[in-house]
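The structure file query05.cif is reproduced below (mmCIF, C-alpha atoms).
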data_my_file
#
loop_
_atom_site.label_atom_id
_atom_site.label_comp_id
_atom_site.auth_asym_id
_atom_site.auth_seq_id
_atom_site.Cartn_x
_atom_site.Cartn_y
_atom_site.Cartn_z
CA MET A 271 106.28 208.12 135.53
CA LEU A 272 103.69 206.51 137.67
CA SER A 273 104.74 204.66 140.77
CA ALA A 274 104.34 200.91 140.75
CA GLY A 275 101.50 201.06 143.24
CA ARG A 276 99.61 203.66 141.27
CA LYS A 277 100.11 201.68 138.09
CA MET A 278 98.62 198.63 139.75
CA GLU A 279 95.65 200.67 140.89
CA LEU A 280 95.05 201.93 137.38
CA ARG A 281 95.31 198.48 135.88
CA GLU A 282 92.83 197.17 138.39
CA MET A 283 90.46 200.02 137.59
CA VAL A 284 90.61 199.23 133.89
CA TYR A 285 89.97 195.55 134.49
CA LEU A 286 87.06 196.29 136.81
CA SER A 287 85.53 198.60 134.21
CA LEU A 288 85.81 195.87 131.59
CA LEU A 289 84.30 193.29 133.93
CA SER A 290 81.47 195.71 134.76
CA THR A 291 80.81 196.18 131.06
CA PHE A 292 80.56 192.45 130.51
CA ALA A 293 78.28 192.11 133.51
CA ILE A 294 76.00 194.90 132.27
CA VAL A 295 75.72 193.41 128.79
CA ILE A 296 75.01 189.91 130.10
CA HIS A 297 72.53 191.28 132.63
CA SER A 298 70.65 193.25 129.96
CA LEU A 299 70.66 190.48 127.36
CA GLU A 300 69.41 187.99 129.88
CA ILE A 301 66.27 190.01 130.46
CA VAL A 302 65.50 189.81 126.74
CA PHE A 303 66.35 186.11 126.65
CA PRO A 304 63.27 183.87 126.79
CA SER A 305 62.85 181.81 129.93
CA PRO A 306 60.53 178.87 130.67
CA LEU A 307 59.02 180.73 133.61
CA PRO A 308 59.04 184.50 134.02
CA TRP A 309 60.92 184.48 137.32
CA LEU A 310 63.53 181.90 136.41
CA ARG A 311 66.78 183.39 135.17
CA LEU A 312 70.08 181.74 134.44
CA GLY A 313 71.98 184.32 136.47
CA LEU A 314 74.77 184.42 133.93
CA ALA A 315 75.90 187.82 135.19
CA ASN A 316 76.82 185.98 138.35
CA ILE A 317 79.73 184.46 136.42
CA ILE A 318 81.29 187.91 136.15
CA THR A 319 80.62 188.65 139.81
CA LEU A 320 82.33 185.45 140.87
CA VAL A 321 85.29 185.99 138.55
CA THR A 322 85.71 189.50 139.96
CA LEU A 323 85.59 188.13 143.48
CA LEU A 324 88.13 185.45 142.68
CA LEU A 325 90.55 187.83 140.97
CA PHE A 326 90.09 191.14 142.78
CA GLY A 327 88.38 190.47 146.11
CA ILE A 328 85.12 191.35 147.81
CA LYS A 329 85.18 195.14 147.42
CA ALA A 330 85.68 194.87 143.69
CA GLY A 331 82.90 192.26 143.50
CA LEU A 332 80.45 194.59 145.24
CA PHE A 333 81.50 197.42 142.95
CA VAL A 334 80.89 195.40 139.78
CA THR A 335 77.55 194.10 141.06
CA THR A 336 76.13 197.50 142.00
CA ILE A 337 77.34 199.06 138.74
CA ARG A 338 75.78 196.17 136.83
CA VAL A 339 72.40 196.53 138.51
CA LEU A 340 72.37 200.33 138.25
CA VAL A 341 73.44 200.66 134.62
CA GLY A 342 71.64 197.47 133.58
CA SER A 343 68.37 198.82 134.95
CA LEU A 344 68.88 202.11 133.12
CA ILE A 345 69.37 200.20 129.86
CA THR A 346 66.37 197.93 130.31
CA GLY A 347 64.25 200.75 131.71
CA SER A 348 63.60 199.07 135.03
CA PHE A 349 65.38 201.60 137.25
CA LEU A 350 63.62 201.80 140.66
CA ASN A 351 61.07 199.20 139.53
CA PRO A 352 60.28 196.34 141.88
CA GLY A 353 62.51 194.18 139.68
CA PHE A 354 65.36 196.61 140.20
CA PHE A 355 65.22 196.20 143.97
CA LEU A 356 65.03 192.44 143.59
CA SER A 357 68.15 192.47 141.42
CA LEU A 358 69.97 194.84 143.75
CA SER A 359 69.22 192.99 146.98
CA GLY A 360 69.85 189.57 145.45
CA GLY A 361 73.06 190.76 143.82
CA VAL A 362 74.49 192.46 146.90
CA VAL A 363 73.62 189.65 149.32
CA SER A 364 74.94 186.90 147.05
CA THR A 365 78.14 188.85 146.34
CA LEU A 366 78.72 189.29 150.07
CA ALA A 367 78.01 185.62 150.72
CA MET A 368 80.37 184.46 147.99
CA GLY A 369 83.05 186.94 149.03
CA LEU A 370 82.85 185.74 152.63
CA MET A 371 83.04 182.12 151.49
CA ILE A 372 86.20 182.87 149.57
CA SER A 373 87.90 184.76 152.37
CA LEU A 374 86.76 182.52 155.21
CA PHE A 375 87.30 179.08 153.67
CA ARG A 376 90.10 179.76 151.20
CA ASN A 377 90.56 176.40 149.60
CA ALA A 378 87.72 174.37 151.03
CA PHE A 379 85.47 175.14 148.08
CA SER A 380 86.14 175.30 144.36
CA PRO A 381 84.36 178.02 142.34
CA ILE A 382 81.50 175.55 141.85
CA GLY A 383 80.74 175.47 145.56
CA ILE A 384 81.02 179.23 145.86
CA SER A 385 78.78 179.74 142.86
CA LEU A 386 76.17 177.43 144.41
CA ILE A 387 76.18 179.49 147.60
CA GLY A 388 75.76 182.58 145.42
CA ALA A 389 72.84 181.10 143.50
CA PHE A 390 71.08 180.01 146.69
CA THR A 391 71.51 183.26 148.59
CA HIS A 392 70.54 185.24 145.48
CA ASN A 393 67.29 183.35 145.06
CA LEU A 394 66.37 183.22 148.73
CA THR A 395 66.95 186.96 149.07
CA GLN A 396 64.80 187.62 146.03
CA ILE A 397 61.94 185.48 147.29
CA ALA A 398 62.08 187.21 150.67
CA MET A 399 62.21 190.66 149.05
CA ALA A 400 59.39 189.79 146.66
CA TYR A 401 57.32 188.79 149.68
CA ILE A 402 58.16 191.92 151.68
CA MET A 403 57.93 194.44 148.86
CA ILE A 404 55.58 193.20 146.17
CA VAL A 405 53.41 190.19 146.69
CA LYS A 406 52.83 190.26 150.46
CA ARG A 407 51.14 186.88 150.23
CA LYS A 408 52.53 183.72 151.78
CA GLU A 409 51.78 181.86 148.55
CA ILE A 410 54.97 183.29 147.01
CA PHE A 411 56.89 180.71 149.05
CA LEU A 412 55.23 177.97 147.01
CA LEU A 413 57.85 178.81 144.42
CA THR A 414 60.76 178.08 146.78
CA PRO A 415 61.36 174.41 145.88
CA VAL A 416 61.23 175.09 142.14
CA ILE A 417 63.53 178.06 142.40
CA LEU A 418 66.03 176.30 144.66
CA GLY A 419 66.11 173.23 142.42
CA PHE A 420 66.79 175.48 139.46
CA ALA A 421 69.46 177.31 141.47
CA ILE A 422 71.43 174.08 141.95
CA ILE A 423 71.60 173.57 138.19
CA THR A 424 72.41 177.17 137.26
CA GLY A 425 74.78 177.52 140.22
CA THR A 426 76.83 174.51 139.11
CA PHE A 427 76.88 175.67 135.51
CA ASN A 428 77.92 179.20 136.46
CA GLY A 429 80.57 177.81 138.78
CA ILE A 430 82.14 175.81 135.96
CA ALA A 431 82.02 178.84 133.67
CA SER A 432 83.55 181.10 136.34
CA SER A 433 86.29 178.58 136.96
CA LEU A 434 87.24 178.47 133.28
CA LEU A 435 87.01 182.22 132.87
CA SER A 436 88.98 183.13 135.98
CA ASP A 437 91.80 180.74 135.07
CA HIS A 438 91.93 182.19 131.61
CA LEU A 439 91.86 185.78 132.82
CA ARG A 440 94.45 185.14 135.47
CA GLY A 441 96.81 184.19 132.65
CA ILE A 442 95.96 187.31 130.64
CA ILE A 443 96.13 189.74 133.50
CA GLY A 444 99.30 188.10 134.73
CA MET A 445 99.50 190.09 137.93
CA LYS A 446 100.89 188.28 140.89
CA SER A 447 99.39 190.60 143.43
CA VAL A 448 95.96 190.25 141.92
CA GLY A 449 93.80 187.72 143.58
CA ARG A 450 93.68 186.57 147.12
CA ARG A 451 93.61 189.45 149.51
CA MET B 299 92.75 173.74 132.43
CA GLY B 300 89.78 172.13 130.80
CA PHE B 301 86.27 171.21 131.72
CA ARG B 302 87.30 167.82 133.03
CA ASP B 303 89.92 169.30 135.34
CA ILE B 304 87.31 171.55 136.86
CA ILE B 305 85.01 168.65 137.66
CA LYS B 306 88.02 166.86 139.10
CA GLY B 307 88.97 170.02 140.96
CA MET B 308 85.75 169.89 142.97
CA THR B 309 86.66 169.61 146.62
CA PHE B 310 85.20 167.37 149.29
CA TRP B 311 83.31 170.34 150.71
CA ASP B 312 81.89 171.14 147.28
CA LYS B 313 80.25 167.75 147.22
CA VAL B 314 79.02 168.10 150.80
CA LEU B 315 77.56 171.46 149.82
CA ILE B 316 75.78 170.05 146.77
CA LEU B 317 74.27 167.27 148.88
CA LEU B 318 73.27 169.75 151.58
CA LEU B 319 71.64 172.15 149.14
CA SER B 320 69.83 169.31 147.36
CA GLY B 321 68.61 168.20 150.76
CA ILE B 322 67.36 171.70 151.55
CA THR B 323 65.56 171.82 148.20
CA VAL B 324 63.80 168.51 148.76
CA LEU B 325 62.98 169.52 152.33
CA SER B 326 61.57 172.85 151.19
CA PHE B 327 59.29 170.94 148.85
CA PHE B 328 57.79 169.01 151.76
CA VAL B 329 57.66 172.05 154.03
CA VAL B 330 55.76 173.99 151.38
CA LYS B 331 53.44 171.05 150.87
CA THR B 332 52.52 170.88 154.54
CA ILE B 333 52.22 174.64 154.99
CA PHE B 334 50.01 175.05 151.96
CA PRO B 335 47.57 172.15 151.82
CA GLN B 336 46.34 171.62 148.28
CA GLY B 337 42.77 171.52 149.55
CA ALA B 338 40.28 173.78 147.93
CA GLU B 339 37.57 175.49 149.94
CA ALA B 340 33.86 175.94 149.55
CA SER B 341 33.08 179.62 149.81
CA ILE B 342 29.49 180.44 150.68
CA ASP B 343 27.66 183.63 149.81
CA VAL B 344 24.23 184.51 151.19
CA GLU B 345 22.41 187.48 149.69
CA GLY B 346 25.62 188.65 148.06
CA ARG B 347 27.62 188.59 151.28
CA ASN B 348 30.36 186.06 151.87
CA ILE B 349 29.72 184.21 155.09
CA GLY B 350 32.83 182.07 155.10
CA SER B 351 34.92 179.31 153.56
CA TYR B 352 34.97 175.67 154.56
CA SER B 353 37.74 173.20 153.77
CA LEU B 354 36.72 170.35 151.48
CA GLU B 355 38.97 168.00 153.44
CA GLU B 356 36.55 167.92 156.33
CA ASN B 357 33.29 166.02 155.88
CA ARG B 358 30.30 167.85 157.29
CA ILE B 359 26.83 169.19 156.72
CA LEU B 360 26.25 172.91 156.89
CA LYS B 361 22.88 174.48 157.58
CA ILE B 362 22.74 177.93 156.05
CA LYS B 363 19.88 180.31 156.73
CA GLY B 364 18.72 182.26 153.69
CA PRO B 365 15.70 184.51 153.11
CA LEU B 366 13.48 181.51 152.24
CA GLY B 367 14.62 179.19 154.99
CA ILE B 368 17.34 176.66 155.69
CA THR B 369 19.57 175.30 152.94
CA GLU B 370 21.64 172.22 153.75
CA ILE B 371 25.04 171.83 152.14
CA GLU B 372 27.05 168.64 152.37
CA ILE B 373 30.83 168.53 152.15
CA LYS B 374 32.16 165.02 151.66
CA ASN B 375 35.47 163.60 150.37
CA GLY B 376 36.56 166.81 148.68
CA LYS B 377 33.21 167.48 147.01
CA VAL B 378 30.22 169.68 147.78
CA ARG B 379 26.52 169.43 147.02
CA VAL B 380 23.27 170.92 148.21
CA ILE B 381 20.98 168.35 149.82
CA LYS B 382 18.08 170.49 150.93
CA ASP B 383 16.88 173.81 149.63
CA PRO B 384 13.58 175.66 150.03
CA SER B 385 13.48 176.85 146.41
CA ARG B 386 10.77 175.57 144.08
CA TYR B 387 12.71 173.92 141.25
CA LYS B 388 15.65 172.59 143.32
CA ILE B 389 18.07 173.46 140.54
CA CYS B 390 21.08 173.64 142.82
CA ILE B 391 20.27 170.20 144.24
CA ASN B 392 20.09 168.79 140.71
CA GLN B 393 23.51 170.23 139.96
CA GLY B 394 24.91 167.44 142.09
CA TRP B 395 28.46 167.36 143.34
CA ILE B 396 31.10 169.94 142.47
CA SER B 397 34.79 169.78 143.36
CA LYS B 398 36.91 171.88 140.98
CA SER B 399 38.12 175.39 141.62
CA GLY B 400 35.84 177.87 139.89
CA GLU B 401 32.72 175.67 139.93
CA ALA B 402 29.66 176.93 141.80
CA LEU B 403 26.29 175.76 143.07
CA ILE B 404 23.72 178.50 142.71
CA CYS B 405 20.44 178.52 144.57
CA LEU B 406 18.97 181.66 143.11
CA PRO B 407 15.65 181.84 144.97
CA SER B 408 17.30 181.27 148.32
CA ARG B 409 20.08 183.63 147.26
CA ILE B 410 22.84 181.20 148.23
CA ILE B 411 25.97 180.60 146.15
CA VAL B 412 28.50 177.91 147.00
CA SER B 413 31.69 178.31 144.98
CA ILE B 414 34.99 176.46 145.09
CA THR B 415 38.06 178.56 145.62
CA GLY B 416 41.69 177.99 146.41
CA GLU B 417 44.06 175.30 145.21
CA GLY B 418 46.82 177.90 145.55
CA ARG B 419 46.84 178.62 141.86
CA TYR B 420 47.95 181.92 140.39
CA ASP B 421 46.20 183.66 137.59
CA ALA B 422 49.30 185.63 136.76
CA ILE B 423 52.46 187.02 138.22
CA SER B 424 54.45 189.59 136.38
CA TRP B 425 57.03 192.16 137.20
#
Just give me the structure as structure tokens.
Amino acid sequence: MLSAGRKMELREMVYLSLLSTFAIVIHSLEIVFPSPLPWLRLGLANIITLVTLLLFGIKAGLFVTTIRVLVGSLITGSFLNPGFFLSLSGGVVSTLAMGLMISLFRNAFSPIGISLIGAFTHNLTQIAMAYIMIVKRKEIFLLTPVILGFAIITGTFNGIASSLLSDHLRGIIGMKSVGRR
Amino acid sequence: MGFRDIIKGMTFWDKVLILLLSGITVLSFFVVKTIFPQGAEASIDVEGRNIGSYSLEENRILKIKGPLGITEIEIKNGKVRVIKDPSRYKICINQGWISKSGEALICLPSRIIVSITGEGRYDAISW
């Protein structure tokens, strides 16, 4: 028989694998999904990141995000492309920002607020990285207002979705220790 | 817990955050607008070499020396024209004012080309 602690670990591993799978599928489908402007994305995979953060903490969130970007890029054939580095940097920075928000200000923000922070940091990191790595022209910052305005909308939407999903999953997983760490 | 509960579940700080981020977005719009003035520029080529760009926002008269002599170019109220040119048929003077990105005044005999560039427009971005 497995010890209780080991059992918990295994359960968490299974859940994280499932969450990673969802994130990878959403990430890959989103690239195929048409968008009004080539660099505007809904960031739906962020829903999974936020749910993971809410249920399993910051380490798990980082794990799911990196797995998503790595495997997602292999599926879409963008591994080590400029777009890959944009996804990776944006994903890691926004996950860290959201994770910190959750652990620093426990109940000050609902998932909507946290998701907004995620959307903003994600986009700002990507613009900065696009400037440093690819475009190297100041004109890239002309996009900032458009992208940030869009981030408010998608961030709110993703926050609502994450809120619904994490409540639902919390019921399914039904583990008391899962969650706030 | 339904959709309505979630909206109700928004905290005070959530709302502060939304206001703050909206503020940053609006502010970034103005910052970008001041950092990147919309103004196009008149780019001048003499004998195939670019000798510089001049903002269309600033009214002035430029005297450019070409192989035939002096060509005078006037920039006024966001438009450009050639007012004096040593060429025989004065075609570039007859072209009149130009102001849109991509337009050009061409004084072939004096080998001077004034073209409008800028406006911060992209042809394409893709990655």
Spell out the residues picked by the PyMOL selection byres ((chain B and resi 369) around 12) here, as JSON, numbers by chain.
-> {"B": [342, 344, 359, 360, 361, 362, 363, 364, 365, 366, 367, 368, 370, 371, 372, 379, 380, 381, 382, 383, 384, 385, 388, 390, 391, 403, 404, 405, 406, 407, 408, 409, 410, 411, 412]}
Calculate how many Å separate CA of Tyr285 in chain A from CA of Thr391 in chain A, rounding to one decimal.
-> 26.3 Å
Could you tell me which residues the PyMOL selection byres ((chain B) within 6 of (chain A)) returns for this structure, as an NGL selection string?
-> :B and (308-309 or 311-312 or 323 or 326-327 or 330)
Do you have the CA of Leu356 in chain A-CA of Val339 in chain A distance handy?
->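 CA of Val339 in chain A lies at a distance of 9.8 Å from CA of Leu356 in chain A.
Proximity ranking of B:Ser353, B:Ile316, B:Arg386, B:Gly300 relative to Ser341 in chain B places B:Ser353 first, based on only C-alpha atoms.
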Using the chain letters and numbers from the file, which residues does the PyMOL selection byres ((chain A and resi 392) around 7) grab, as JSON, numbers by chain?
-> {"A": [360, 361, 363, 364, 388, 389, 390, 391, 393, 394, 395, 396]}
Generate N, CA and C atoms for range 368-379 of chain A and emit them as a CSV table (one decimal), keeping the file's coordinate frame.
chain,number,residue,atom,x,y,z
A,368,MET,N,79.3,185.1,148.7
A,368,MET,CA,80.4,184.5,148.0
A,368,MET,C,81.7,185.0,148.4
A,369,GLY,N,81.8,186.3,148.6
A,369,GLY,CA,83.0,186.9,149.0
A,369,GLY,C,83.5,186.4,150.4
A,370,LEU,N,82.5,186.3,151.3
A,370,LEU,CA,82.8,185.7,152.6
A,370,LEU,C,83.3,184.3,152.5
A,371,MET,N,82.6,183.5,151.7
A,371,MET,CA,83.0,182.1,151.5
A,371,MET,C,84.5,182.0,151.0
A,372,ILE,N,84.8,182.9,150.1
A,372,ILE,CA,86.2,182.9,149.6
A,372,ILE,C,87.2,183.3,150.6
A,373,SER,N,86.9,184.3,151.4
A,373,SER,CA,87.9,184.8,152.4
A,373,SER,C,87.9,183.9,153.6
A,374,LEU,N,86.8,183.3,154.0
A,374,LEU,CA,86.8,182.5,155.2
A,374,LEU,C,87.3,181.1,155.0
A,375,PHE,N,86.9,180.5,153.9
A,375,PHE,CA,87.3,179.1,153.7
A,375,PHE,C,88.1,179.0,152.4
A,376,ARG,N,89.3,179.6,152.4
A,376,ARG,CA,90.1,179.8,151.2
A,376,ARG,C,90.0,178.6,150.2
A,377,ASN,N,90.5,177.5,150.6
A,377,ASN,CA,90.6,176.4,149.6
A,377,ASN,C,89.6,175.3,149.8
A,378,ALA,N,88.7,175.5,150.8
A,378,ALA,CA,87.7,174.4,151.0
A,378,ALA,C,86.8,174.2,149.8
A,379,PHE,N,86.4,175.2,149.2
A,379,PHE,CA,85.5,175.1,148.1
A,379,PHE,C,86.1,175.6,146.8
